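J.: Sharing a structure, written as structure tokens. Questions coming.
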Amino acid sequence: MSENYDKRRKVFDMIGRTYAFICAFLLIVITVSIFYFVATKGLSTFIIDKRSIKEFLFGTLWKPDRPNDQGGPAIGSLQFILGSVFVSVFAILISTPLSISAAIFMVEIAKKFGRNLLQPAMEIFVGIPSVVYGWIGLTVLVPFISKYFGGLGFSMLAGILVLTIMVLPTITSVSTDAIKSLPWEIREASYALGATRWQTIRKVVLPAAKPGILTAVVLGLARAFGEALAVQMVIGNSPSLPFSFLQPMSTITSIITMDMANTVTGSTWNNALWSLALLLLLISFGFILIIRLVGRRSMYK
Amino acid sequence: MKSKFYDKLATIYFYLVAVLIVLFLVALIGYILYQGRSELNLHFILTPPKFMEKGGGIAPQIFNSLLLLVITLIISVPIGIGAGLYMAEYARPGKITELIRLSTETLSSLPSIVVGLFGLLIFVNMLHWGYSLISGALALTVLNLPVMARVSEDSIRSVSASLKEASFALGSTKWQTIVRVLIPSALPGLITGIILTSGRIFGEAAALLYTAGMSTPPLNFNVLNPANPASPFYPFRAAETLAVYIWKVNSEGLAPDARQIADGSAAVLLIIVLLFNILARWLGNTLYKKMTGGK
Amino acid sequence: MSKSKIAKVLLSVLMVLSVFLFSACGPNTNDSGSSNQSNSNQNSSQDISGTATAVGSTALQPLVEQAATLFHQKYPNATINVQGGGSGTGLTQVSQGAADIGNSDIFAEEKSGIDAKSLVDHKVAVVGFAVVVNKDVTVDSLTQQQLVDIFTGKIKNWKDVGGQDEPIVVINRPTSSGTRATFKKIVLGGQDEVQGLALTEDASGTVRKTVAEKKGAISYLAFSYVDDSVKALKYNGVAPTKENVINGTYPIASYEHMYTKGEPTGVVKAFLDFMMSDEVQKGPAEKLGFININDMKVTLK
């Protein structure tokens with residue numbers, strides 16, 4: 001081979017390596033820019049408008065358009081924060097047992113049925129767009145709740161049920177991976193001791209898969225927390241504290257979705273919405289940190 | 001024996017949950033398709049929405065969704081594969097690698113509404129691109145990039161080490177090995193991954209409300225030059241997608257048949273997403289068989 | 001450590017670079033809007049050409065879209081790019097110069113954070129709003145005071161305003177919506193309705209559906225959304241009709257505005273003139289339920 005050819009190969013090698021590095025580095029750039037720009041906007045509520053963080057996080061009076069002679073804008077957002085927390089946590093509470101059961105079913109009980117039916121079903125659940133979930137929630141679930149439970153139907157309950165379905169595949173697939181990755185020998189050891197399959201699942205498999213399942217639950221929580229449109233369509237968007245399952249309420253994402261376009265950039269109102277966006281960003285970053293603490297590499301798809 | 005009884009009970013329970021989930025999905029899909037059945041015809045898919053009248057279609061919305069998907073893939077696939085390649089082949093344990101991994105994980109769990117707001121801030125407002133194809137495509141790229149990077153990394157890693165070593169033994173450089181051996185071998189995984197993420201991009205709405213906008217100009221296919229503002233491919237025109245349209249028809253639909261339009265759009269959206277899913281499975285299987293059968 | 005320093009520098013350079021690179025190839029909306037300043041003679045259709053962008057109010061968007069289509073048919077060299085996004089976005093973008101026309105449901109002076117002095121108002125249409133109730137409500141007319149009491153939560157039962165014994169279900173509009181701003185200004189006299197009592201929906205379609213389905217429900221809708229499924233009430237004894245808005249006896253109505261930064265020129269001016277012409281006012285505007293601005297015999301608040 002000529003020396004020229006060798007040189008060209010080396011140059012290509014260099015270019016390839018640099019290209020790959022730039023691509024990977026771009027991920028950092030994007031993440032940092034998102035944090036930087038959202039934080040700049042989100043913090044101006046506190047820095048430029050001089051509102052207190054305490055009022056924002058713990059106040060419940062949301063009157064961002066109140067004129068100055070009546071006390072100026074009030075940006076208490078506790079009801080949105082609690083709203084997001086309640087819908088997501090309740091959705092997770094319903095979804096997690098179902099998801100873990102489905103995961104155990106796929107790995108431990110009926111592999112073939114699981115792989116041929118349940119696994120594709122989960123992938124389809126993930127694939128259904130969130131507006132479609134919202135639309136079904138609005139046209140089926142809301143009238144149903146109104147008819148059988150009373151109220152308007154637009155309620156926390158509707159939000160919880162829609163989210164339950166939406167996080168089901170996330171928790172299931174990550175839990176499945178966690179259970180699958182356990183060494184097969186631990187089950188055999190348990191069976192050899194005369195344990196039944198249920199005993200093995202309960203005493204051996206579940207405890208061993210605990211970190212993975214925890215990761216799954218946190219990822220599900222993160223997805224529920226950040227979901228915007230499907231929830232906004234069914235919860236009624238009333239800025240009140242979420243203390244009843246059948247009353248309309250708001251979440252962080254729903255108030256952002258509703259008001260962002262109608263407010264003027266730079267106004268206290270608009271800035272307060274950006275503060276909520278920043279809060280959302282920080283919370284979802286917090287979830288990632290928790291997952292890293294739990295100690296497994298995320299399998300999120 | 002008591003434990004045997006519990007074991008039976010547990011098995012029945014697990015079957016029950018599994019069957020219930022599958023039945024629920026079947027019912028859900030069946031319901032959506034049933035509700036949209038009257039609109040599932042070529043007329044609905046091929047005509048633009050009508051103004052204040054019954055019988056409008058969703059042609060421009062479908063076109064916009066597809067166009068946005070294509071642009072997003074054109075931007076995000078090369079970068080995603082590059083990033084995956086770096087993580088699979090070049091990255092050494094260290095601060096930067098750790099940071100890249102943390103970024104990927106953070107990005108992939110970002111609420112899509114936050115990505116949409118970021119797009120609004122940078123592309124729409126700061127760069128004055130307005131609600132446009134390009135703003136929407138870049139927001140979708142931010143959503144898709146971490147997924148693409150993860151998929152690429154996984155498929156490249158899954159290529160067997162012996163294949164790689166054989167290439168090195170023949171005197172290939174790293175880059176040659178990557179281009180000639182690694183990427184072709186990782187192709188089935190890559191393609192399946194791309195198609196699966198395509199389904200997600202296609203149905204995304206929250207990130208697009210504030211970036212690609214909620215309107216679409218009349219599309220004139222006589223002008224194909226992307227630099228001409230009248231062209232459907234002009235990157236700075238607003239591009240409402242099918243998913244966003246469902247959202248808008250629900251809130252501001254003035255057509256008398258708004259309900260049917262939303263039902264029909266939901267059915268069409270679902271069918272397209274299902275097609276992506278089936279295509280990914282089929283292609284993945286076929287390619288996998290071809291590769292393993294050929295060896 | 002030098003490595004992290006290099007990374008930091010690289011990061012910031014990349015970030016700045018990408019922003020500048022991208023902005024360099026952006027569209028020049030500012031120039032295109034005024035590119036035809038020299039064309040003072042606008043009688044012949046060949047003379048009007050260029051591109052302009054109109055952004056904002058989603059309520060006005062269908063009208064502007066239709067007008068833009070007609071405009072383009074009339075002057076093939078002129079393209080008006082119409083985008084939604086909400087009144088706040090429209091006002092923000094026009095005052096920043098990002099758009100040529102900002103569409104708004106309310107006066108720029110009423111939106112906090114906007115320097116209204118730099119903007120020129122063009123009123124292009126009038127929207128009437130009707131108070132709507134579920135069809136089972138026997139009341140036909142409400143006074144302003146009764147409406148104030150209902151929306152501020154003082155009156156909670158239809159029997160207190162002469163109807164049947166049934167609880168009143170109030171459906172609010174979000175604080176940021178133009179519809180709500182008009183209602184608050186004209187009917188509630190600037191008072192806040194009791195937040196958190198009820199459903200809050202931005203979506204006119206959803207409001208209409210909920211009022212139609214929920215017994216005892218009350219809300220308000222633009223005339224164009226009122227149909228047979230709900231009952232429109234008289235206000236102080238005056239029926240919500242176009243004629244009554246035009247002659248000033250029915251006061252719940254507002255202008256639709258198209259703002260420009262400074263006096264409009266070129267294609268922007270031509271388009272705004274076109275908006276006022278019979279072609280638009282008696283065409284799409286009437287079809288969409290807007291009231292012909294040229295017919296108005298009174299000035300609205």
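The chains in the structure tokens are called A, B, ... from first to last as shown; in each chain the residues are counted from 1, and the ligands are counted from 1 in the order shown.
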For chain A against chain C, with a cut-off of 8 Å and counting only C-alpha atoms, what is the closest atom pair and its distance in Å to one decimal for every residue that makes the cut, ordered by chain and number, as a Markdown table?
T.:
| residue | atom | partner | partner_atom | distance |
| --- | --- | --- | --- | --- |
| A:Val29 | CA | C:Leu11 | CA | 6.3 |
| A:Ser33 | CA | C:Met15 | CA | 7.3 |
| A:Asp65 | CA | C:Ser112 | CA | 7.7 |
| A:Leu152 | CA | C:Lys214 | CA | 7.0 |
| A:Phe154 | CA | C:Leu199 | CA | 7.2 |
| A:Gly236 | CA | C:Leu199 | CA | 4.9 |
| A:Asn237 | CA | C:Thr200 | CA | 5.2 |
| A:Ser238 | CA | C:Gly196 | CA | 4.9 |
| A:Pro239 | CA | C:Gly196 | CA | 5.1 |
| A:Ser240 | CA | C:Gly196 | CA | 4.5 |
| A:Leu241 | CA | C:Gly196 | CA | 7.9 |
| A:Gln247 | CA | C:Ala198 | CA | 7.7 |
| A:Pro248 | CA | C:Leu199 | CA | 5.7 |
| A:Met249 | CA | C:Gly196 | CA | 7.7 |
| A:Met258 | CA | C:Asp202 | CA | 7.0 |
| A:Asp259 | CA | C:Ser176 | CA | 5.7 |
| A:Ala261 | CA | C:Gly86 | CA | 4.8 |
| A:Asn262 | CA | C:Gly88 | CA | 4.1 |
| A:Thr263 | CA | C:Gly88 | CA | 4.2 |
| A:Val264 | CA | C:Gly88 | CA | 4.4 |
| A:Thr265 | CA | C:Thr92 | CA | 6.0 |
| A:Gly266 | CA | C:Gly113 | CA | 6.2 |
| A:Ser267 | CA | C:Gly113 | CA | 4.6 |
| A:Thr268 | CA | C:Gly113 | CA | 7.9 |
J.: DSSP on the backbone: what in range 119-258 of chain A comes out helix (DSSP H, G or I), as an NGL selection string?
T.: :A and (119-127 or 130-149 or 156-180 or 184-192 or 197-208 or 210-226 or 229-234 or 252-258)
J.: Contacts from chain C to chain B, 8 Å maximum, only C-alpha atoms: show me the residue list as a VMD selection string.
T.: chain C and resid 19 22 to 23 26 to 27 51 59 65 69 79 81 to 85 93 98 202 to 206 224 to 225 287 to 288
J.: Using CA of Ser76 in chain B and CA of Tyr36 in chain A as the two end points, give the distance in Å to one decimal.
T.: 22.0 Å
J.: Name the residues in contact with Ala91 in chain A at a cut-off of 10 Å, using only C-alpha atoms, excluding same-chain residues fewer than 6 positions from it; report them as a ChimeraX atom specification.
T.: /A:85,157,159-168,220-221,224
J.: Mind giving me the straight-line distance from CA of Val174 in chain A to CA of Ala103 in chain A in Å, one decimal?
T.: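 Between these atoms lies a distance of 8.6 Å.
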J.: Can you pull out the residues contacting Val142 in chain A? Cut-off 9 Å, using only C-alpha atoms, and skip same-chain residues under 3 positions away; I want them as a PyMOL selection string.
T.: chain A and resi 136-139+145-147+152-155+158+234-235
J.: Restricting the output to N, CA and C atoms, write the selected residues as a PDB file, in the first residue's frame.
T.:
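What landed in out18.pdb:
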ATOM      1  N   ILE A 136     -59.892  10.586  23.701  1.00  0.00           N
ATOM      2  CA  ILE A 136     -60.725   9.495  24.216  1.00  0.00           C
ATOM      3  C   ILE A 136     -61.169   9.823  25.646  1.00  0.00           C
ATOM      4  N   GLY A 137     -60.251  10.375  26.427  1.00  0.00           N
ATOM      5  CA  GLY A 137     -60.591  10.768  27.790  1.00  0.00           C
ATOM      6  C   GLY A 137     -61.737  11.767  27.789  1.00  0.00           C
ATOM      7  N   LEU A 138     -61.649  12.713  26.862  1.00  0.00           N
ATOM      8  CA  LEU A 138     -62.647  13.778  26.795  1.00  0.00           C
ATOM      9  C   LEU A 138     -64.003  13.253  26.325  1.00  0.00           C
ATOM     10  N   THR A 139     -63.992  12.342  25.368  1.00  0.00           N
ATOM     11  CA  THR A 139     -65.267  11.921  24.783  1.00  0.00           C
ATOM     12  C   THR A 139     -65.858  10.687  25.459  1.00  0.00           C
ATOM     13  N   ILE A 145     -67.694   9.601  33.873  1.00  0.00           N
ATOM     14  CA  ILE A 145     -67.537  10.004  35.276  1.00  0.00           C
ATOM     15  C   ILE A 145     -68.700  10.906  35.687  1.00  0.00           C
ATOM     16  N   SER A 146     -69.061  11.816  34.787  1.00  0.00           N
ATOM     17  CA  SER A 146     -70.149  12.730  35.099  1.00  0.00           C
ATOM     18  C   SER A 146     -71.445  11.960  35.347  1.00  0.00           C
ATOM     19  N   LYS A 147     -71.662  10.906  34.565  1.00  0.00           N
ATOM     20  CA  LYS A 147     -72.913  10.150  34.661  1.00  0.00           C
ATOM     21  C   LYS A 147     -72.951   9.290  35.923  1.00  0.00           C
ATOM     22  N   LEU A 152     -68.959  17.378  36.934  1.00  0.00           N
ATOM     23  CA  LEU A 152     -68.873  17.699  35.523  1.00  0.00           C
ATOM     24  C   LEU A 152     -68.146  16.634  34.719  1.00  0.00           C
ATOM     25  N   GLY A 153     -67.470  15.748  35.426  1.00  0.00           N
ATOM     26  CA  GLY A 153     -66.686  14.753  34.717  1.00  0.00           C
ATOM     27  C   GLY A 153     -65.247  15.194  34.527  1.00  0.00           C
ATOM     28  N   PHE A 154     -65.059  16.489  34.264  1.00  0.00           N
ATOM     29  CA  PHE A 154     -63.695  17.027  34.217  1.00  0.00           C
ATOM     30  C   PHE A 154     -63.170  17.014  35.647  1.00  0.00           C
ATOM     31  N   SER A 155     -62.196  16.186  35.927  1.00  0.00           N
ATOM     32  CA  SER A 155     -61.829  15.989  37.321  1.00  0.00           C
ATOM     33  C   SER A 155     -60.451  15.373  37.456  1.00  0.00           C
ATOM     34  N   ALA A 158     -60.424  11.783  36.250  1.00  0.00           N
ATOM     35  CA  ALA A 158     -60.237  11.594  34.817  1.00  0.00           C
ATOM     36  C   ALA A 158     -58.754  11.686  34.459  1.00  0.00           C
ATOM     37  N   VAL A 234     -58.703  16.818  30.091  1.00  0.00           N
ATOM     38  CA  VAL A 234     -59.722  16.154  30.907  1.00  0.00           C
ATOM     39  C   VAL A 234     -59.845  16.649  32.346  1.00  0.00           C
ATOM     40  N   ILE A 235     -58.912  17.512  32.828  1.00  0.00           N
ATOM     41  CA  ILE A 235     -58.971  17.802  34.260  1.00  0.00           C
ATOM     42  C   ILE A 235     -59.741  19.063  34.613  1.00  0.00           C
TER      43      ILE A 235
END
J.: Tell me, in Å to one decimal, how far CA of Lys112 in chain A is from CA of Ile21 in chain B.
T.: 16.0 Å
